[in-house]
$ cat target04.cif   # mmCIF, C-alpha atoms
data_upload
#
loop_
_atom_site.label_atom_id
_atom_site.label_comp_id
_atom_site.auth_asym_id
_atom_site.auth_seq_id
_atom_site.Cartn_x
_atom_site.Cartn_y
_atom_site.Cartn_z
CA MET A 77 0.00 0.00 0.00
CA ILE A 78 1.17 3.50 -0.76
CA ASN A 79 -0.01 5.97 1.88
CA ASP A 80 0.20 8.83 -0.55
CA GLN A 81 -1.32 11.64 1.49
CA LEU A 82 0.92 10.87 4.47
CA ILE A 83 3.96 10.78 2.20
CA LEU A 84 3.04 14.09 0.61
CA ARG A 85 2.38 15.72 3.98
CA THR A 86 5.75 14.48 5.25
CA PHE A 87 7.40 15.80 2.10
CA LEU A 88 5.93 19.26 2.65
CA ALA A 89 6.68 19.23 6.38
CA GLY A 90 10.28 18.34 5.61
CA ASP A 91 10.94 21.71 4.05
CA SER A 92 12.08 24.41 6.46
CA ALA A 93 10.76 27.24 4.24
CA VAL A 94 7.30 25.65 4.31
CA THR A 95 7.26 25.00 8.05
CA ALA A 96 8.56 28.51 8.72
CA MET A 97 5.29 29.75 7.25
CA VAL A 98 2.78 27.14 8.43
CA SER A 99 4.45 25.30 11.32
CA THR A 100 2.45 22.04 11.58
CA ARG A 101 -0.68 23.44 9.89
CA ILE A 102 -0.61 21.12 6.89
CA TYR A 103 -3.96 19.39 6.58
CA ALA A 104 -4.29 16.32 4.32
CA GLY A 105 -7.44 14.90 2.83
CA ARG A 106 -9.45 18.09 3.22
CA ASP A 107 -10.76 20.78 0.91
CA VAL A 108 -11.12 23.45 3.62
CA PRO A 109 -9.16 24.11 6.83
CA PRO A 110 -10.36 22.30 9.95
CA GLU A 111 -13.20 23.81 11.93
CA GLY A 112 -11.97 26.51 14.25
CA TRP A 113 -9.05 27.63 12.10
CA GLN A 114 -8.97 31.33 11.31
CA PRO A 115 -6.43 33.38 9.34
CA ALA A 116 -5.21 34.95 12.59
CA ASP A 117 -4.04 31.49 13.70
CA GLY A 118 -1.35 31.47 10.99
CA SER A 119 -1.10 30.44 7.36
CA CYS A 120 -1.99 26.88 6.48
CA ILE A 121 -1.95 24.35 3.65
CA VAL A 122 -4.90 22.12 2.82
CA PHE A 123 -4.61 19.41 0.22
CA LYS A 124 -6.70 16.57 -1.13
CA ARG A 125 -6.29 13.86 -3.74
CA ARG A 126 -8.66 14.28 -6.67
CA GLY A 127 -7.77 11.16 -8.65
CA GLU A 128 -5.14 8.49 -9.06
CA ARG A 129 -4.12 5.66 -11.31
CA ASP A 130 -1.62 2.82 -11.23
CA LEU A 131 1.30 3.23 -13.58
CA ASP A 132 2.13 -0.47 -13.54
CA GLU A 133 0.05 -3.63 -13.27
CA ARG A 134 1.29 -4.52 -9.77
CA GLY A 135 0.53 -1.14 -8.22
CA GLN A 136 4.20 -0.47 -7.46
CA VAL A 137 3.96 3.05 -8.84
CA ILE A 138 0.92 5.28 -8.66
CA SER A 139 0.30 8.67 -10.16
CA ALA A 140 -2.12 10.87 -8.25
CA SER A 141 -3.33 14.42 -8.68
CA TYR A 142 -3.88 16.80 -5.77
CA GLN A 143 -5.51 20.12 -5.24
CA VAL A 144 -3.38 22.17 -2.88
CA LYS A 145 -4.81 25.27 -1.24
CA ALA A 146 -2.65 27.89 0.48
CA TYR A 147 -4.39 30.12 3.04
CA GLY A 148 -2.60 33.22 4.32
CA THR A 149 -2.56 34.69 7.77
CA GLY A 150 -3.41 38.33 8.39
CA GLY A 151 -5.81 40.68 10.08
CA ASN A 152 -7.47 41.80 6.86
CA TYR A 153 -8.17 40.58 3.35
CA ASN A 154 -5.20 42.36 1.75
CA GLN A 155 -2.71 40.87 4.19
CA GLN A 156 -4.27 37.46 3.74
CA VAL A 157 -3.95 37.74 -0.06
CA LEU A 158 -0.28 38.72 0.17
CA ASN A 159 0.47 35.94 2.62
CA CYS A 160 -1.35 33.23 0.69
CA GLU A 161 0.56 34.27 -2.43
CA SER A 162 3.84 34.12 -0.51
CA LEU A 163 2.94 30.70 0.79
CA TYR A 164 2.08 29.54 -2.72
CA ARG A 165 5.53 30.69 -3.96
CA VAL A 166 7.20 28.62 -1.24
CA LEU A 167 4.96 25.65 -2.00
CA ARG A 168 5.77 25.88 -5.68
CA GLU A 169 9.51 25.86 -4.92
CA ARG A 170 9.02 22.72 -2.86
CA LEU A 171 6.66 20.88 -5.17
CA ASN A 172 7.72 21.76 -8.70
CA TYR A 173 9.87 18.86 -9.96
CA GLY A 174 10.29 17.79 -6.34
CA ALA A 175 11.32 14.23 -5.44
CA SER A 176 12.21 12.10 -2.45
CA TYR A 177 12.80 8.43 -1.68
CA ASP A 178 9.05 7.73 -1.92
CA ILE A 179 8.21 10.36 -4.52
CA LEU A 180 9.51 9.77 -8.01
CA GLY A 181 8.46 13.16 -9.32
CA ILE A 182 6.02 16.06 -9.09
CA GLN A 183 4.71 18.19 -11.92
CA ARG A 184 2.25 21.05 -11.99
CA ASP A 185 -1.16 19.91 -13.12
CA GLY A 186 -2.61 23.40 -13.63
CA GLY A 187 -4.04 26.12 -11.49
CA ALA A 188 -2.48 28.83 -9.28
CA GLU A 189 -5.49 31.07 -8.94
CA ILE A 190 -6.54 33.28 -6.04
CA LEU A 191 -10.14 32.75 -5.02
CA PRO A 192 -12.25 33.71 -2.00
CA GLU A 193 -13.77 30.97 0.14
CA PRO A 194 -17.52 31.35 -0.52
CA ASP A 195 -18.63 30.94 3.10
CA THR A 196 -15.99 33.04 4.84
CA GLY A 197 -14.45 35.25 2.14
CA TRP A 198 -10.94 34.09 3.13
CA PRO A 199 -8.65 34.19 0.10
CA PHE A 200 -6.59 31.19 -0.94
CA VAL A 201 -4.40 30.13 -3.84
CA VAL A 202 -5.42 26.82 -5.36
CA SER A 203 -2.99 24.84 -7.48
CA PHE A 204 -2.99 21.31 -8.83
CA TRP A 205 -0.08 18.88 -8.79
CA ARG A 206 0.57 15.40 -10.17
CA VAL A 207 2.77 13.20 -8.01
CA GLN A 208 4.26 9.79 -8.81
CA PHE A 209 4.81 7.57 -5.76
CA ARG A 210 6.61 4.27 -5.56
CA LYS A 211 5.89 1.45 -3.18
CA THR A 212 8.85 1.22 -0.84
CA ALA A 213 7.82 -1.43 1.71
CA MET B 232 -2.26 13.68 -43.88
CA LEU B 233 -5.70 15.18 -44.40
CA HIS B 234 -7.39 11.93 -43.32
CA ILE B 235 -5.24 11.74 -40.20
CA LYS B 236 -6.09 15.33 -39.27
CA GLU B 237 -9.77 14.63 -39.89
CA ALA B 238 -9.65 11.42 -37.83
CA THR B 239 -7.80 13.20 -35.04
CA ASP B 240 -10.43 15.95 -34.93
CA VAL B 241 -13.24 13.36 -34.84
CA MET B 242 -11.49 11.44 -32.05
CA LEU B 243 -10.91 14.62 -30.05
CA THR B 244 -14.54 15.61 -30.46
CA THR B 245 -15.75 12.14 -29.45
CA ALA B 246 -13.46 12.16 -26.42
CA ALA B 247 -14.64 15.63 -25.39
CA PHE B 248 -18.30 14.68 -25.55
CA ALA B 249 -17.56 11.43 -23.70
CA VAL B 250 -16.07 13.56 -20.92
CA VAL B 251 -19.15 15.79 -20.94
CA GLY B 252 -21.42 12.77 -20.46
CA GLN B 253 -19.25 11.26 -17.74
CA THR B 254 -19.03 14.63 -15.97
CA GLN B 255 -22.81 14.87 -15.84
CA VAL B 256 -23.02 11.32 -14.48
CA ASN B 257 -20.43 12.19 -11.82
CA ILE B 258 -22.34 15.32 -10.78
CA GLU B 259 -25.42 13.14 -10.27
CA ASN B 260 -23.46 10.43 -8.45
CA ASN B 261 -21.80 13.02 -6.20
CA LYS B 262 -25.27 14.37 -5.31
CA GLN B 263 -24.24 17.83 -6.45
CA VAL B 264 -27.54 18.62 -8.16
CA ASP B 265 -29.76 21.28 -6.64
CA THR B 266 -31.22 23.36 -9.45
CA GLY B 267 -29.63 21.30 -12.24
CA PHE B 268 -27.93 24.42 -13.60
CA MET B 269 -24.35 23.17 -13.17
CA LYS B 270 -25.12 19.77 -14.65
CA ASN B 271 -26.69 21.43 -17.66
CA THR B 272 -23.82 23.84 -18.27
CA VAL B 273 -21.18 21.18 -18.89
CA TYR B 274 -19.98 21.87 -22.41
CA ALA B 275 -17.45 20.73 -24.96
CA VAL B 276 -15.91 22.76 -27.75
CA ALA B 277 -14.69 20.71 -30.70
CA PRO B 278 -11.57 21.54 -32.73
CA GLY B 279 -13.76 23.18 -35.37
CA GLY B 280 -15.42 25.38 -32.76
CA GLU B 281 -18.77 23.55 -32.64
CA LYS B 282 -20.24 23.12 -29.19
CA GLY B 283 -23.33 21.76 -27.54
CA GLY B 284 -26.04 23.97 -26.09
CA ILE B 285 -26.12 24.79 -22.39
CA ARG B 286 -28.63 26.17 -19.93
CA SER B 287 -28.85 29.98 -19.72
CA PRO B 288 -28.17 31.82 -16.47
CA GLY B 289 -31.20 33.02 -14.55
CA GLN B 290 -33.58 32.02 -11.78
CA TYR B 291 -33.94 28.33 -10.99
CA LYS B 292 -35.88 26.37 -8.41
CA SER B 293 -33.64 25.12 -5.62
CA LYS B 294 -34.67 21.75 -4.19
CA LYS B 295 -32.66 22.35 -1.02
CA GLU B 296 -34.00 25.82 -0.32
CA ASP B 297 -37.44 25.32 -1.90
CA ARG B 298 -37.33 28.72 -3.60
CA MET B 299 -36.09 30.38 -6.75
CA VAL B 300 -32.37 31.15 -6.69
CA SER B 301 -30.09 33.03 -9.05
CA ARG B 302 -27.56 31.06 -11.06
CA ASN B 303 -24.79 32.96 -12.86
CA ALA B 304 -22.61 31.86 -15.73
CA ALA B 305 -18.82 31.93 -15.90
CA PRO B 306 -17.11 33.00 -19.13
CA GLN B 307 -16.84 30.19 -21.63
CA ARG B 308 -13.45 29.35 -23.05
CA SER B 309 -12.13 28.23 -26.39
CA PRO B 310 -9.65 25.42 -26.92
CA LYS B 311 -6.09 26.04 -27.88
CA GLN B 312 -5.27 25.47 -31.52
CA ASP B 313 -6.08 21.94 -32.73
CA GLY B 314 -7.53 20.94 -29.38
CA ALA B 315 -10.89 20.25 -27.81
CA LEU B 316 -12.08 21.62 -24.51
CA VAL B 317 -14.51 20.60 -21.82
CA GLY B 318 -15.75 23.16 -19.31
CA VAL B 319 -18.56 23.92 -16.91
CA ALA B 320 -20.13 27.33 -17.33
CA ALA B 321 -21.70 27.62 -13.88
CA GLU B 322 -19.95 30.35 -11.90
CA TYR B 323 -19.69 28.21 -8.76
CA ALA B 324 -18.55 25.01 -10.53
CA LEU B 325 -14.91 25.33 -9.46
CA TYR B 326 -15.93 25.32 -5.80
CA GLN B 327 -18.03 22.21 -6.33
CA GLU B 328 -15.17 20.60 -8.24
CA MET B 329 -12.83 21.32 -5.33
CA ARG B 330 -15.26 19.77 -2.85
CA ASN B 331 -15.89 16.61 -4.80
CA SER B 332 -14.32 16.28 -8.22
CA PHE B 333 -16.61 15.52 -11.14
CA LEU B 334 -14.72 16.96 -14.13
CA TYR B 335 -11.19 15.81 -13.37
CA ARG B 336 -12.57 12.42 -12.38
CA ALA B 337 -14.41 12.23 -15.70
CA LEU B 338 -11.19 12.98 -17.58
CA GLU B 339 -9.46 10.13 -15.75
CA GLN B 340 -12.40 7.79 -16.28
CA VAL B 341 -12.51 8.44 -20.03
CA ALA B 342 -8.71 8.23 -20.28
CA GLY B 343 -8.80 4.89 -18.46
CA SER B 344 -11.61 3.44 -20.54
CA GLN B 345 -9.19 2.32 -23.30
CA GLY B 346 -10.91 4.71 -25.69
CA GLY B 347 -13.01 2.12 -27.52
CA GLU B 348 -15.61 4.51 -28.90
CA ILE B 349 -12.98 7.17 -29.52
CA VAL B 350 -10.79 4.86 -31.56
CA ALA B 351 -13.86 3.58 -33.42
CA ALA B 352 -14.84 7.13 -34.31
CA GLY B 353 -11.35 7.81 -35.70
CA LYS B 354 -11.30 4.54 -37.66
CA ALA B 355 -14.65 5.37 -39.21
CA VAL B 356 -13.12 8.44 -40.82
CA MET B 357 -9.95 6.78 -42.08
CA PRO B 358 -10.10 5.28 -45.57
#
$ encode --input "target04.cif" --output "structure tokens"
Amino acid sequence: MINDQLILRTFLAGDSAVTAMVSTRIYAGRDVPPEGWQPADGSCIVFKRRGERDLDERGQVISASYQVKAYGTGGNYNQQVLNCESLYRVLRERLNYGASYDILGIQRDGGAEILPEPDTGWPFVVSFWRVQFRKTA
Amino acid sequence: MLHIKEATDVMLTTAAFAVVGQTQVNIENNKQVDTGFMKNTVYAVAPGGEKGGIRSPGQYKSKKEDRMVSRNAAPQRSPKQDGALVGVAAEYALYQEMRNSFLYRALEQVAGSQGGEIVAAGKAVMP
């Protein structure tokens, strides 16, 4: 079994530039931040798999696509926009053509658009990434 | 070369409309239908520019809210040169797609279906 979302979260959390901005606020398997989170609590990353397929018959390599949302901290909308864009830049540095022992490669799958969350108005940058994982155990 | 181009266009068009159909099925399966506006604004644009009709923006009856609600359209796009395009012209479709994917999933489903009908459509054009 390839625990893809755990691997991807670990990959993001292993980057000091990412953790400098979000600390441990990297939420896997979600499309919105957890209940109770507010921009004043600090920037955060929320990601979710939107599809996957095996690249070989034995399931040793899978290719999955993720939507990754970057939310920025700040006391007002403008600060939140600036901070979510900054977080996206750091995320892009980490993800674009990234690799690790478990991750064979990462490519952008589209996106990078600032949108407001319909219920709260909080801005976020959404981007889409394709990641190839290999089974390592 | 002309036949290959023609077959390619037919295959692209067939694939695009297969994605449209699968997207609509996914919207139903995901239980993302309230007024039906989003489901009826899934569209494909073929390489030649032809596209299917879609529902117009306006007031629609919401099943959840049991009242008329406003449904707005997003700008429709055109494919890049020699391509086909599938889109959803409901303004809020991206948010629904982020909650529970219907369009991306449809692309993967059609891509994984071995393309039987798509290949058949291309073969039908070739001499």
$ residues_around --input "target04.cif" --residues "region 277-280 of chain B" --least-positions-apart "2" --cutoff "8 Å" --atoms "all atoms listed in the file" --output "ChimeraX atom specification"
/B:240,243-244,247,275,282,309-310,312-316
$ interface_residues --input "target04.cif" --of "chain B" --to "chain A" --cutoff "7 Å" --atoms "only C-alpha atoms" --output "list of chain:residue names"
B:Met329, B:Arg330, B:Ser332, B:Arg336
$ write_last_selection --input "target04.cif" --atoms "C-alpha atoms" --output "short mmCIF file (atom, residue, chain, number, x, y, z; two decimals), keeping the file's coordinate frame"
data_model
loop_
_atom_site.label_atom_id
_atom_site.label_comp_id
_atom_site.auth_asym_id
_atom_site.auth_seq_id
_atom_site.Cartn_x
_atom_site.Cartn_y
_atom_site.Cartn_z
CA MET B 329 -12.83 21.32 -5.33
CA ARG B 330 -15.26 19.77 -2.85
CA SER B 332 -14.32 16.28 -8.22
CA ARG B 336 -12.57 12.42 -12.38
#
$ resolve_selection --input "target04.cif" --expression "the PyMOL selection byres ((chain A and resi 167) around 10)" --output "list in words"
Leu88, Asp91, Ala93, Val94, Ile121, Val144, Lys145, Ala146, Glu161, Ser162, Leu163, Tyr164, Arg165, Val166, Arg168, Glu169, Arg170, Leu171, Asn172 and Ser203 of chain A
$ atom_distance --input "target04.cif" --atom1 "CA of Lys262 (chain B)" --atom2 "CA of Asn79 (chain A)"
27.6 Å
$ resolve_selection --input "target04.cif" --expression "the PyMOL selection byres ((chain B and resi 291-306) around 8)" --output "number ranges by chain"
B: 265-266, 268, 287-290, 307-308, 320-322
$ write_last_selection --input "target04.cif" --atoms "C-alpha atoms" --output "PDB file, keeping the file's coordinate frame"
ATOM      1  CA  ASP B 265     -29.760  21.280  -6.640  1.00  0.00           C
ATOM      2  CA  THR B 266     -31.220  23.360  -9.450  1.00  0.00           C
ATOM      3  CA  PHE B 268     -27.930  24.420 -13.600  1.00  0.00           C
ATOM      4  CA  SER B 287     -28.850  29.980 -19.720  1.00  0.00           C
ATOM      5  CA  PRO B 288     -28.170  31.820 -16.470  1.00  0.00           C
ATOM      6  CA  GLY B 289     -31.200  33.020 -14.550  1.00  0.00           C
ATOM      7  CA  GLN B 290     -33.580  32.020 -11.780  1.00  0.00           C
ATOM      8  CA  GLN B 307     -16.840  30.190 -21.630  1.00  0.00           C
ATOM      9  CA  ARG B 308     -13.450  29.350 -23.050  1.00  0.00           C
ATOM     10  CA  ALA B 320     -20.130  27.330 -17.330  1.00  0.00           C
ATOM     11  CA  ALA B 321     -21.700  27.620 -13.880  1.00  0.00           C
ATOM     12  CA  GLU B 322     -19.950  30.350 -11.900  1.00  0.00           C
TER      13      GLU B 322
END
$ build_atoms --input "target04.cif" --residues "region 305-320 of chain B" --atoms "N, CA and C atoms" --output "compact mmCIF listing (two decimals), in the frame of the given file"
# COMPACT_ATOMS: atom_id res chain seq x y z
N ALA B 305 -20.22 31.52 -15.79
CA ALA B 305 -18.82 31.93 -15.90
C ALA B 305 -18.50 32.09 -17.38
N PRO B 306 -17.46 32.86 -17.71
CA PRO B 306 -17.11 33.00 -19.13
C PRO B 306 -16.75 31.65 -19.73
N GLN B 307 -17.19 31.44 -20.96
CA GLN B 307 -16.84 30.19 -21.63
C GLN B 307 -15.52 30.36 -22.38
N ARG B 308 -14.78 29.29 -22.46
CA ARG B 308 -13.45 29.35 -23.05
C ARG B 308 -13.41 28.65 -24.40
N SER B 309 -12.35 28.90 -25.11
CA SER B 309 -12.13 28.23 -26.39
C SER B 309 -10.89 27.37 -26.28
N PRO B 310 -10.85 26.27 -27.01
CA PRO B 310 -9.65 25.42 -26.92
C PRO B 310 -8.46 26.08 -27.60
N LYS B 311 -7.29 25.61 -27.17
CA LYS B 311 -6.09 26.04 -27.88
C LYS B 311 -6.13 25.44 -29.28
N GLN B 312 -5.27 25.91 -30.12
CA GLN B 312 -5.27 25.47 -31.52
C GLN B 312 -5.22 23.93 -31.62
N ASP B 313 -6.05 23.38 -32.48
CA ASP B 313 -6.08 21.94 -32.73
C ASP B 313 -6.46 21.11 -31.51
N GLY B 314 -7.14 21.70 -30.56
CA GLY B 314 -7.53 20.94 -29.38
C GLY B 314 -9.04 20.96 -29.20
N ALA B 315 -9.49 20.20 -28.24
CA ALA B 315 -10.89 20.25 -27.81
C ALA B 315 -10.89 20.67 -26.35
N LEU B 316 -12.03 21.11 -25.87
CA LEU B 316 -12.08 21.62 -24.51
C LEU B 316 -13.39 21.19 -23.86
N VAL B 317 -13.31 20.87 -22.58
CA VAL B 317 -14.51 20.60 -21.82
C VAL B 317 -14.53 21.57 -20.64
N GLY B 318 -15.64 22.21 -20.41
CA GLY B 318 -15.75 23.16 -19.31
C GLY B 318 -17.13 23.09 -18.68
N VAL B 319 -17.26 23.80 -17.58
CA VAL B 319 -18.56 23.92 -16.91
C VAL B 319 -18.82 25.40 -16.72
N ALA B 320 -19.91 25.88 -17.27
CA ALA B 320 -20.13 27.33 -17.33
C ALA B 320 -20.89 27.88 -16.13
